[in-house]
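What's in model39.txt: compact mmCIF, N, CA, C and O atoms
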```
# COMPACT_ATOMS: atom_id res chain seq x y z
N MET X 1 -49.81 12.49 23.36
CA MET X 1 -49.31 11.21 23.77
C MET X 1 -48.23 10.71 22.80
O MET X 1 -47.27 10.09 23.22
N PHE X 2 -48.44 11.01 21.52
CA PHE X 2 -47.46 10.60 20.51
C PHE X 2 -46.08 11.19 20.82
O PHE X 2 -45.07 10.48 20.79
N ALA X 3 -46.04 12.48 21.15
CA ALA X 3 -44.76 13.14 21.41
C ALA X 3 -44.09 12.57 22.66
O ALA X 3 -42.88 12.35 22.68
N VAL X 4 -44.87 12.33 23.69
CA VAL X 4 -44.32 11.78 24.94
C VAL X 4 -43.70 10.41 24.67
O VAL X 4 -42.58 10.13 25.09
N LEU X 5 -44.43 9.55 23.96
CA LEU X 5 -43.91 8.21 23.67
C LEU X 5 -42.69 8.26 22.77
O LEU X 5 -41.74 7.50 22.98
N CYS X 6 -42.68 9.15 21.79
CA CYS X 6 -41.50 9.27 20.92
C CYS X 6 -40.27 9.69 21.71
O CYS X 6 -39.19 9.11 21.54
N VAL X 7 -40.41 10.67 22.59
CA VAL X 7 -39.26 11.15 23.36
C VAL X 7 -38.80 10.08 24.34
O VAL X 7 -37.59 9.83 24.48
N LEU X 8 -39.73 9.43 25.02
CA LEU X 8 -39.35 8.39 25.98
C LEU X 8 -38.67 7.21 25.28
O LEU X 8 -37.68 6.68 25.78
N LEU X 9 -39.18 6.81 24.12
CA LEU X 9 -38.57 5.72 23.37
C LEU X 9 -37.16 6.10 22.91
O LEU X 9 -36.22 5.30 23.03
N ALA X 10 -37.00 7.31 22.41
CA ALA X 10 -35.67 7.76 21.97
C ALA X 10 -34.70 7.87 23.14
O ALA X 10 -33.53 7.48 23.02
N ALA X 11 -35.17 8.39 24.27
CA ALA X 11 -34.30 8.51 25.45
C ALA X 11 -33.90 7.14 25.97
O ALA X 11 -32.74 6.91 26.33
N TRP X 12 -34.83 6.21 25.99
CA TRP X 12 -34.54 4.84 26.45
C TRP X 12 -33.52 4.17 25.53
O TRP X 12 -32.57 3.53 25.96
N GLY X 13 -33.71 4.33 24.22
CA GLY X 13 -32.75 3.78 23.26
C GLY X 13 -31.38 4.41 23.43
O GLY X 13 -30.36 3.74 23.30
N HIS X 14 -31.34 5.71 23.73
CA HIS X 14 -30.07 6.39 23.95
C HIS X 14 -29.38 5.83 25.19
O HIS X 14 -28.16 5.64 25.19
N VAL X 15 -30.15 5.57 26.24
CA VAL X 15 -29.57 4.99 27.46
C VAL X 15 -29.00 3.60 27.17
O VAL X 15 -27.91 3.27 27.60
N LEU X 16 -29.74 2.80 26.42
CA LEU X 16 -29.26 1.46 26.09
C LEU X 16 -27.99 1.51 25.24
O LEU X 16 -27.09 0.68 25.39
N ALA X 17 -27.92 2.47 24.33
CA ALA X 17 -26.78 2.55 23.43
C ALA X 17 -25.55 3.18 24.07
O ALA X 17 -24.42 2.77 23.79
N THR X 18 -25.74 4.18 24.93
CA THR X 18 -24.60 4.92 25.46
C THR X 18 -24.38 4.73 26.95
O THR X 18 -23.31 5.07 27.45
N GLY X 19 -25.39 4.27 27.66
CA GLY X 19 -25.27 4.10 29.10
C GLY X 19 -25.60 5.34 29.89
O GLY X 19 -25.56 5.33 31.12
N THR X 20 -25.91 6.44 29.22
CA THR X 20 -26.30 7.67 29.90
C THR X 20 -27.57 8.23 29.29
O THR X 20 -27.79 8.13 28.08
N ALA X 21 -28.40 8.82 30.14
CA ALA X 21 -29.63 9.43 29.66
C ALA X 21 -29.33 10.81 29.10
O ALA X 21 -28.45 11.51 29.61
N PRO X 22 -30.06 11.22 28.07
CA PRO X 22 -29.89 12.59 27.59
C PRO X 22 -30.35 13.57 28.68
O PRO X 22 -31.22 13.23 29.47
N PRO X 23 -29.78 14.75 28.73
CA PRO X 23 -30.21 15.72 29.75
C PRO X 23 -31.71 16.01 29.61
O PRO X 23 -32.26 15.96 28.51
N VAL X 24 -32.33 16.34 30.72
CA VAL X 24 -33.77 16.62 30.72
C VAL X 24 -34.08 17.79 29.79
O VAL X 24 -35.08 17.75 29.07
N TRP X 25 -33.23 18.79 29.76
CA TRP X 25 -33.50 19.94 28.89
C TRP X 25 -33.51 19.52 27.42
O TRP X 25 -34.28 20.06 26.63
N ALA X 26 -32.68 18.55 27.06
CA ALA X 26 -32.66 18.07 25.68
C ALA X 26 -33.92 17.27 25.37
O ALA X 26 -34.45 17.35 24.25
N GLN X 27 -34.41 16.52 26.35
CA GLN X 27 -35.65 15.78 26.14
C GLN X 27 -36.83 16.73 25.98
O GLN X 27 -37.69 16.52 25.11
N VAL X 28 -36.87 17.79 26.79
CA VAL X 28 -37.94 18.78 26.67
C VAL X 28 -37.82 19.51 25.33
O VAL X 28 -38.83 19.73 24.64
N ALA X 29 -36.61 19.86 24.95
CA ALA X 29 -36.39 20.54 23.67
C ALA X 29 -36.78 19.64 22.51
O ALA X 29 -37.29 20.12 21.49
N GLY X 30 -36.57 18.34 22.63
CA GLY X 30 -36.99 17.41 21.59
C GLY X 30 -38.49 17.20 21.56
O GLY X 30 -39.09 16.96 20.51
N PHE X 31 -39.12 17.31 22.72
CA PHE X 31 -40.57 17.14 22.82
C PHE X 31 -41.32 18.23 22.05
O PHE X 31 -42.31 17.96 21.39
N VAL X 32 -40.83 19.47 22.12
CA VAL X 32 -41.55 20.61 21.55
C VAL X 32 -41.80 20.45 20.05
O VAL X 32 -42.95 20.55 19.60
N PRO X 33 -40.80 20.18 19.21
CA PRO X 33 -41.11 20.05 17.78
C PRO X 33 -41.93 18.80 17.45
O PRO X 33 -42.76 18.83 16.53
N VAL X 34 -41.73 17.72 18.19
CA VAL X 34 -42.52 16.52 17.94
C VAL X 34 -43.98 16.78 18.30
O VAL X 34 -44.90 16.38 17.59
N PHE X 35 -44.20 17.47 19.41
CA PHE X 35 -45.56 17.82 19.82
C PHE X 35 -46.20 18.74 18.79
O PHE X 35 -47.36 18.55 18.41
N ALA X 36 -45.45 19.75 18.32
CA ALA X 36 -45.98 20.68 17.33
C ALA X 36 -46.36 19.97 16.03
O ALA X 36 -47.43 20.22 15.46
N ALA X 37 -45.51 19.07 15.58
CA ALA X 37 -45.83 18.31 14.35
C ALA X 37 -47.04 17.41 14.58
O ALA X 37 -47.90 17.29 13.69
N GLY X 38 -47.12 16.80 15.75
CA GLY X 38 -48.28 15.96 16.06
C GLY X 38 -49.57 16.75 16.08
O GLY X 38 -50.61 16.28 15.62
N ARG X 39 -49.51 17.97 16.61
CA ARG X 39 -50.70 18.83 16.64
C ARG X 39 -51.12 19.22 15.23
O ARG X 39 -52.32 19.30 14.93
N LEU X 40 -50.15 19.49 14.37
CA LEU X 40 -50.48 19.85 12.98
C LEU X 40 -51.14 18.69 12.24
O LEU X 40 -51.99 18.91 11.37
N LEU X 41 -50.73 17.48 12.56
CA LEU X 41 -51.26 16.30 11.87
C LEU X 41 -52.48 15.70 12.55
O LEU X 41 -53.07 14.77 12.03
N ALA X 42 -52.85 16.22 13.71
CA ALA X 42 -53.97 15.66 14.47
C ALA X 42 -55.30 16.06 13.84
O ALA X 42 -55.39 16.98 13.05
N GLY X 43 -56.33 15.32 14.23
CA GLY X 43 -57.68 15.66 13.78
C GLY X 43 -58.11 14.98 12.50
O GLY X 43 -59.26 15.11 12.09
N ARG X 44 -57.20 14.30 11.86
CA ARG X 44 -57.54 13.58 10.62
C ARG X 44 -57.08 12.14 10.76
O ARG X 44 -56.13 11.83 11.48
N GLU X 45 -57.74 11.28 10.06
CA GLU X 45 -57.35 9.86 10.05
C GLU X 45 -56.02 9.72 9.32
O GLU X 45 -55.83 10.28 8.25
N ARG X 46 -55.11 8.99 9.90
CA ARG X 46 -53.79 8.76 9.30
C ARG X 46 -53.67 7.30 8.88
O ARG X 46 -54.17 6.40 9.56
N SER X 47 -52.98 7.08 7.79
CA SER X 47 -52.72 5.71 7.36
C SER X 47 -51.59 5.13 8.21
O SER X 47 -50.85 5.86 8.88
N LEU X 48 -51.46 3.83 8.18
CA LEU X 48 -50.38 3.19 8.91
C LEU X 48 -49.03 3.66 8.38
O LEU X 48 -48.09 3.87 9.16
N LEU X 49 -48.93 3.87 7.09
CA LEU X 49 -47.70 4.37 6.49
C LEU X 49 -47.38 5.79 6.99
O LEU X 49 -46.23 6.10 7.29
N GLY X 50 -48.40 6.63 7.10
CA GLY X 50 -48.20 8.00 7.59
C GLY X 50 -47.76 8.03 9.05
O GLY X 50 -46.88 8.80 9.43
N ILE X 51 -48.38 7.18 9.86
CA ILE X 51 -48.01 7.10 11.28
C ILE X 51 -46.59 6.57 11.42
O ILE X 51 -45.79 7.10 12.19
N GLY X 52 -46.28 5.53 10.68
CA GLY X 52 -44.93 4.96 10.72
C GLY X 52 -43.88 5.95 10.24
O GLY X 52 -42.80 6.06 10.83
N GLY X 53 -44.20 6.67 9.18
CA GLY X 53 -43.26 7.67 8.67
C GLY X 53 -43.03 8.80 9.66
O GLY X 53 -41.90 9.25 9.84
N GLY X 54 -44.09 9.25 10.30
CA GLY X 54 -43.97 10.29 11.32
C GLY X 54 -43.15 9.82 12.50
O GLY X 54 -42.30 10.56 13.03
N THR X 55 -43.39 8.59 12.93
CA THR X 55 -42.64 8.04 14.05
C THR X 55 -41.16 7.89 13.69
O THR X 55 -40.28 8.23 14.48
N LEU X 56 -40.89 7.39 12.50
CA LEU X 56 -39.50 7.21 12.06
C LEU X 56 -38.78 8.55 11.95
O LEU X 56 -37.62 8.68 12.37
N THR X 57 -39.46 9.54 11.43
CA THR X 57 -38.88 10.88 11.31
C THR X 57 -38.59 11.46 12.69
O THR X 57 -37.51 12.02 12.94
N ALA X 58 -39.55 11.32 13.60
CA ALA X 58 -39.36 11.84 14.96
C ALA X 58 -38.21 11.12 15.66
O ALA X 58 -37.37 11.77 16.31
N GLN X 59 -38.13 9.81 15.53
CA GLN X 59 -37.06 9.05 16.18
C GLN X 59 -35.70 9.43 15.60
O GLN X 59 -34.72 9.55 16.33
N GLY X 60 -35.63 9.60 14.30
CA GLY X 60 -34.37 9.99 13.67
C GLY X 60 -33.91 11.36 14.14
O GLY X 60 -32.74 11.56 14.46
N GLY X 61 -34.83 12.31 14.20
CA GLY X 61 -34.49 13.65 14.67
C GLY X 61 -34.06 13.66 16.13
O GLY X 61 -33.09 14.33 16.51
N LEU X 62 -34.79 12.90 16.96
CA LEU X 62 -34.43 12.82 18.38
C LEU X 62 -33.08 12.13 18.56
O LEU X 62 -32.28 12.53 19.41
N HIS X 63 -32.81 11.11 17.76
CA HIS X 63 -31.51 10.42 17.83
C HIS X 63 -30.37 11.39 17.52
O HIS X 63 -29.37 11.42 18.24
N LEU X 64 -30.53 12.17 16.48
CA LEU X 64 -29.50 13.15 16.12
C LEU X 64 -29.34 14.21 17.20
O LEU X 64 -28.22 14.59 17.55
N ALA X 65 -30.45 14.68 17.75
CA ALA X 65 -30.39 15.72 18.79
C ALA X 65 -29.74 15.19 20.06
O ALA X 65 -28.88 15.85 20.65
N PHE X 66 -30.13 14.00 20.50
CA PHE X 66 -29.57 13.43 21.72
C PHE X 66 -28.09 13.10 21.54
O PHE X 66 -27.30 13.26 22.46
N GLY X 67 -27.71 12.67 20.35
CA GLY X 67 -26.30 12.40 20.08
C GLY X 67 -25.47 13.67 20.05
O GLY X 67 -24.31 13.67 20.45
N ALA X 68 -26.08 14.77 19.60
CA ALA X 68 -25.34 16.03 19.52
C ALA X 68 -25.05 16.62 20.89
O ALA X 68 -24.04 17.32 21.07
N VAL X 69 -25.91 16.36 21.87
CA VAL X 69 -25.71 16.94 23.20
C VAL X 69 -24.95 16.00 24.13
O VAL X 69 -24.63 16.37 25.25
N ARG X 70 -24.65 14.81 23.67
CA ARG X 70 -23.92 13.85 24.50
C ARG X 70 -22.47 14.29 24.64
O ARG X 70 -21.81 14.59 23.65
N PRO X 71 -21.95 14.33 25.86
CA PRO X 71 -20.53 14.69 26.02
C PRO X 71 -19.64 13.59 25.47
O PRO X 71 -19.87 12.41 25.73
N HIS X 72 -18.66 13.97 24.70
CA HIS X 72 -17.74 13.00 24.10
C HIS X 72 -16.41 13.08 24.82
O HIS X 72 -15.78 14.13 24.88
N ALA X 73 -15.98 11.94 25.35
CA ALA X 73 -14.69 11.88 26.03
C ALA X 73 -13.59 11.70 24.99
O ALA X 73 -13.79 11.01 23.99
N PRO X 74 -12.44 12.30 25.20
CA PRO X 74 -11.34 12.10 24.25
C PRO X 74 -10.89 10.63 24.27
O PRO X 74 -10.96 9.97 25.29
N TYR X 75 -10.44 10.16 23.15
CA TYR X 75 -10.00 8.77 23.03
C TYR X 75 -8.69 8.58 23.76
O TYR X 75 -7.74 9.34 23.59
N ALA X 76 -8.65 7.56 24.60
CA ALA X 76 -7.42 7.20 25.30
C ALA X 76 -7.06 5.78 24.90
O ALA X 76 -7.80 4.85 25.20
N PRO X 77 -5.95 5.56 24.20
CA PRO X 77 -5.63 4.22 23.70
C PRO X 77 -5.44 3.18 24.80
O PRO X 77 -5.58 2.00 24.55
N HIS X 78 -5.15 3.59 26.01
CA HIS X 78 -4.95 2.63 27.09
C HIS X 78 -6.21 2.41 27.92
O HIS X 78 -6.19 1.67 28.87
N ALA X 79 -7.30 3.06 27.54
CA ALA X 79 -8.54 2.95 28.32
C ALA X 79 -9.16 1.57 28.17
O ALA X 79 -8.97 0.88 27.17
N VAL X 80 -9.90 1.18 29.17
CA VAL X 80 -10.62 -0.09 29.15
C VAL X 80 -12.09 0.21 28.92
O VAL X 80 -12.67 1.06 29.58
N THR X 81 -12.69 -0.48 27.98
CA THR X 81 -14.10 -0.29 27.67
C THR X 81 -14.91 -1.37 28.35
O THR X 81 -14.58 -2.54 28.26
N VAL X 82 -15.98 -0.98 29.01
CA VAL X 82 -16.89 -1.94 29.63
C VAL X 82 -18.17 -1.92 28.83
O VAL X 82 -18.80 -0.89 28.68
N MET X 83 -18.55 -3.08 28.29
CA MET X 83 -19.74 -3.15 27.45
C MET X 83 -20.50 -4.42 27.76
O MET X 83 -19.96 -5.51 27.61
N HIS X 84 -21.71 -4.28 28.19
CA HIS X 84 -22.58 -5.41 28.48
C HIS X 84 -21.91 -6.41 29.42
O HIS X 84 -21.95 -7.62 29.20
N GLY X 85 -21.26 -5.90 30.44
CA GLY X 85 -20.66 -6.77 31.44
C GLY X 85 -19.32 -7.37 31.04
O GLY X 85 -18.74 -8.14 31.78
N MET X 86 -18.81 -7.06 29.86
CA MET X 86 -17.53 -7.62 29.42
C MET X 86 -16.48 -6.52 29.42
O MET X 86 -16.73 -5.42 28.96
N ARG X 87 -15.34 -6.83 29.92
CA ARG X 87 -14.24 -5.86 29.92
C ARG X 87 -13.34 -6.18 28.72
O ARG X 87 -12.94 -7.30 28.52
N MET X 88 -13.04 -5.15 27.96
CA MET X 88 -12.20 -5.33 26.79
C MET X 88 -11.15 -4.24 26.79
O MET X 88 -11.48 -3.06 26.85
N ALA X 89 -9.90 -4.61 26.74
CA ALA X 89 -8.82 -3.62 26.69
C ALA X 89 -8.56 -3.26 25.22
O ALA X 89 -8.56 -4.13 24.36
N HIS X 90 -8.34 -1.97 24.97
CA HIS X 90 -7.99 -1.54 23.63
C HIS X 90 -6.54 -1.95 23.33
O HIS X 90 -5.68 -1.82 24.18
N PRO X 91 -6.26 -2.41 22.13
CA PRO X 91 -4.88 -2.79 21.80
C PRO X 91 -3.99 -1.57 21.76
O PRO X 91 -4.40 -0.48 21.37
N HIS X 92 -2.74 -1.74 22.18
CA HIS X 92 -1.78 -0.65 22.14
C HIS X 92 -1.14 -0.58 20.77
O HIS X 92 -0.82 -1.59 20.16
N ALA X 93 -0.98 0.62 20.30
CA ALA X 93 -0.40 0.79 18.96
C ALA X 93 1.10 0.85 19.01
O ALA X 93 1.76 1.08 19.91
```

C-alpha cells encoding of this file:
Amino acid sequence: MFAVLCVLLAAWGHVLATGTAPPVWAQVAGFVPVFAAGRLLAGRERSLLGIGGGTLTAQGGLHLAFGAVRPHAPYAPHAVTVMHGMRMAHPHA
C-alpha cells in the first residue's frame, strides 16, 4: 500500500505541476523499487522519522524519474504560456 500511495501522490503532483500525467510505464517502473524497499523495511515497527524519511526519499526519486521521462518542448520566444487559467505572453527579445 505504501508503494501505491507514493506513486499515486507523485503522479498527482506531477500532473498539478506540469499538466500532464507521467506515462503508465514510468509509474509502473517507479512502483517496483518503492515496493521492493517497502518489502525490505516491512515486518518491523518504524518510527515516525523513519516513515517520513522513507516517504521523502521515495517522493524525491519518483519526482526525478517522472521529470526525466517528461517530453520537453523547445523554447519558443513568441509562445504563449497558459498557467492556472491566466494567459501570459513571453516578452520579445

Exercise. Point out the residue among X:Leu41, X:Ile51, X:Val69, X:Ala58 with the least atom-to-atom distance to X:Cys6, counting only N, CA, C and O atoms.
Key: X:Ala58

Exercise. May I have the residues within 8 Å of X:Gly30 as a ChimeraX atom specification, using all atoms listed in the file and disregarding those fewer than 2 positions away in the same chain?
Key: /X:3,6-7,23-28,32-36,58,61-62,65-66

Exercise. Between atom CA of X:Arg70 and atom N of X:Ala10, measure the distance and give it in Å to one decimal.
Key: 14.8 Å

Quiz item: So how many Å separate atom CA of X:Ser47 and atom CA of X:Ala29, to one decimal?
Solution: 27.4 Å

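Computed from the coordinates, the atom CA of X:Gly43 to atom N of X:Trp12 distance equals 27.6 Å.
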
Can you patch up stretch 16-27 of chain X, filling it in to all heavy atoms, and show the result as a compact mmCIF listing (two decimals), in the frame of the given file?
```
# COMPACT_ATOMS: atom_id res chain seq x y z
N LEU X 16 -29.74 2.80 26.42
CA LEU X 16 -29.26 1.46 26.09
C LEU X 16 -27.99 1.51 25.24
O LEU X 16 -27.09 0.68 25.39
CB LEU X 16 -30.33 0.66 25.37
CG LEU X 16 -31.54 0.23 26.21
CD1 LEU X 16 -32.56 -0.46 25.32
CD2 LEU X 16 -31.10 -0.69 27.33
N ALA X 17 -27.92 2.47 24.33
CA ALA X 17 -26.78 2.55 23.43
C ALA X 17 -25.55 3.18 24.07
O ALA X 17 -24.42 2.77 23.79
CB ALA X 17 -27.16 3.34 22.18
N THR X 18 -25.74 4.18 24.93
CA THR X 18 -24.60 4.92 25.46
C THR X 18 -24.38 4.73 26.95
O THR X 18 -23.31 5.07 27.45
CB THR X 18 -24.76 6.43 25.21
OG1 THR X 18 -25.89 6.91 25.94
CG2 THR X 18 -24.94 6.72 23.72
N GLY X 19 -25.39 4.27 27.66
CA GLY X 19 -25.27 4.10 29.10
C GLY X 19 -25.60 5.34 29.89
O GLY X 19 -25.56 5.33 31.12
N THR X 20 -25.91 6.44 29.22
CA THR X 20 -26.30 7.67 29.90
C THR X 20 -27.57 8.23 29.29
O THR X 20 -27.79 8.13 28.08
CB THR X 20 -25.21 8.75 29.81
OG1 THR X 20 -24.98 9.05 28.43
CG2 THR X 20 -23.91 8.31 30.46
N ALA X 21 -28.40 8.82 30.14
CA ALA X 21 -29.63 9.43 29.66
C ALA X 21 -29.33 10.81 29.10
O ALA X 21 -28.45 11.51 29.61
CB ALA X 21 -30.64 9.55 30.80
N PRO X 22 -30.06 11.22 28.07
CA PRO X 22 -29.89 12.59 27.59
C PRO X 22 -30.35 13.57 28.68
O PRO X 22 -31.22 13.23 29.47
CB PRO X 22 -30.79 12.68 26.37
CG PRO X 22 -31.45 11.38 26.21
CD PRO X 22 -31.02 10.48 27.30
N PRO X 23 -29.78 14.75 28.73
CA PRO X 23 -30.21 15.72 29.75
C PRO X 23 -31.71 16.01 29.61
O PRO X 23 -32.26 15.96 28.51
CB PRO X 23 -29.39 16.97 29.44
CG PRO X 23 -28.34 16.57 28.47
CD PRO X 23 -28.75 15.29 27.86
N VAL X 24 -32.33 16.34 30.72
CA VAL X 24 -33.77 16.62 30.72
C VAL X 24 -34.08 17.79 29.79
O VAL X 24 -35.08 17.75 29.07
CB VAL X 24 -34.27 16.89 32.16
CG1 VAL X 24 -35.71 17.36 32.16
CG2 VAL X 24 -34.11 15.66 33.03
N TRP X 25 -33.23 18.79 29.76
CA TRP X 25 -33.50 19.94 28.89
C TRP X 25 -33.51 19.52 27.42
O TRP X 25 -34.28 20.06 26.63
CB TRP X 25 -32.51 21.08 29.13
CG TRP X 25 -31.09 20.78 28.73
CD1 TRP X 25 -30.09 20.34 29.53
CD2 TRP X 25 -30.52 20.90 27.42
NE1 TRP X 25 -28.93 20.17 28.80
CE2 TRP X 25 -29.17 20.51 27.51
CE3 TRP X 25 -31.03 21.30 26.19
CZ2 TRP X 25 -28.32 20.50 26.42
CZ3 TRP X 25 -30.17 21.28 25.09
CH2 TRP X 25 -28.84 20.90 25.21
N ALA X 26 -32.68 18.55 27.06
CA ALA X 26 -32.66 18.07 25.68
C ALA X 26 -33.92 17.27 25.37
O ALA X 26 -34.45 17.35 24.25
CB ALA X 26 -31.42 17.22 25.43
N GLN X 27 -34.41 16.52 26.35
CA GLN X 27 -35.65 15.78 26.14
C GLN X 27 -36.83 16.73 25.98
O GLN X 27 -37.69 16.52 25.11
CB GLN X 27 -35.89 14.82 27.32
CG GLN X 27 -34.84 13.72 27.38
CD GLN X 27 -35.06 12.81 28.56
OE1 GLN X 27 -36.17 12.39 28.82
NE2 GLN X 27 -33.99 12.50 29.28
```
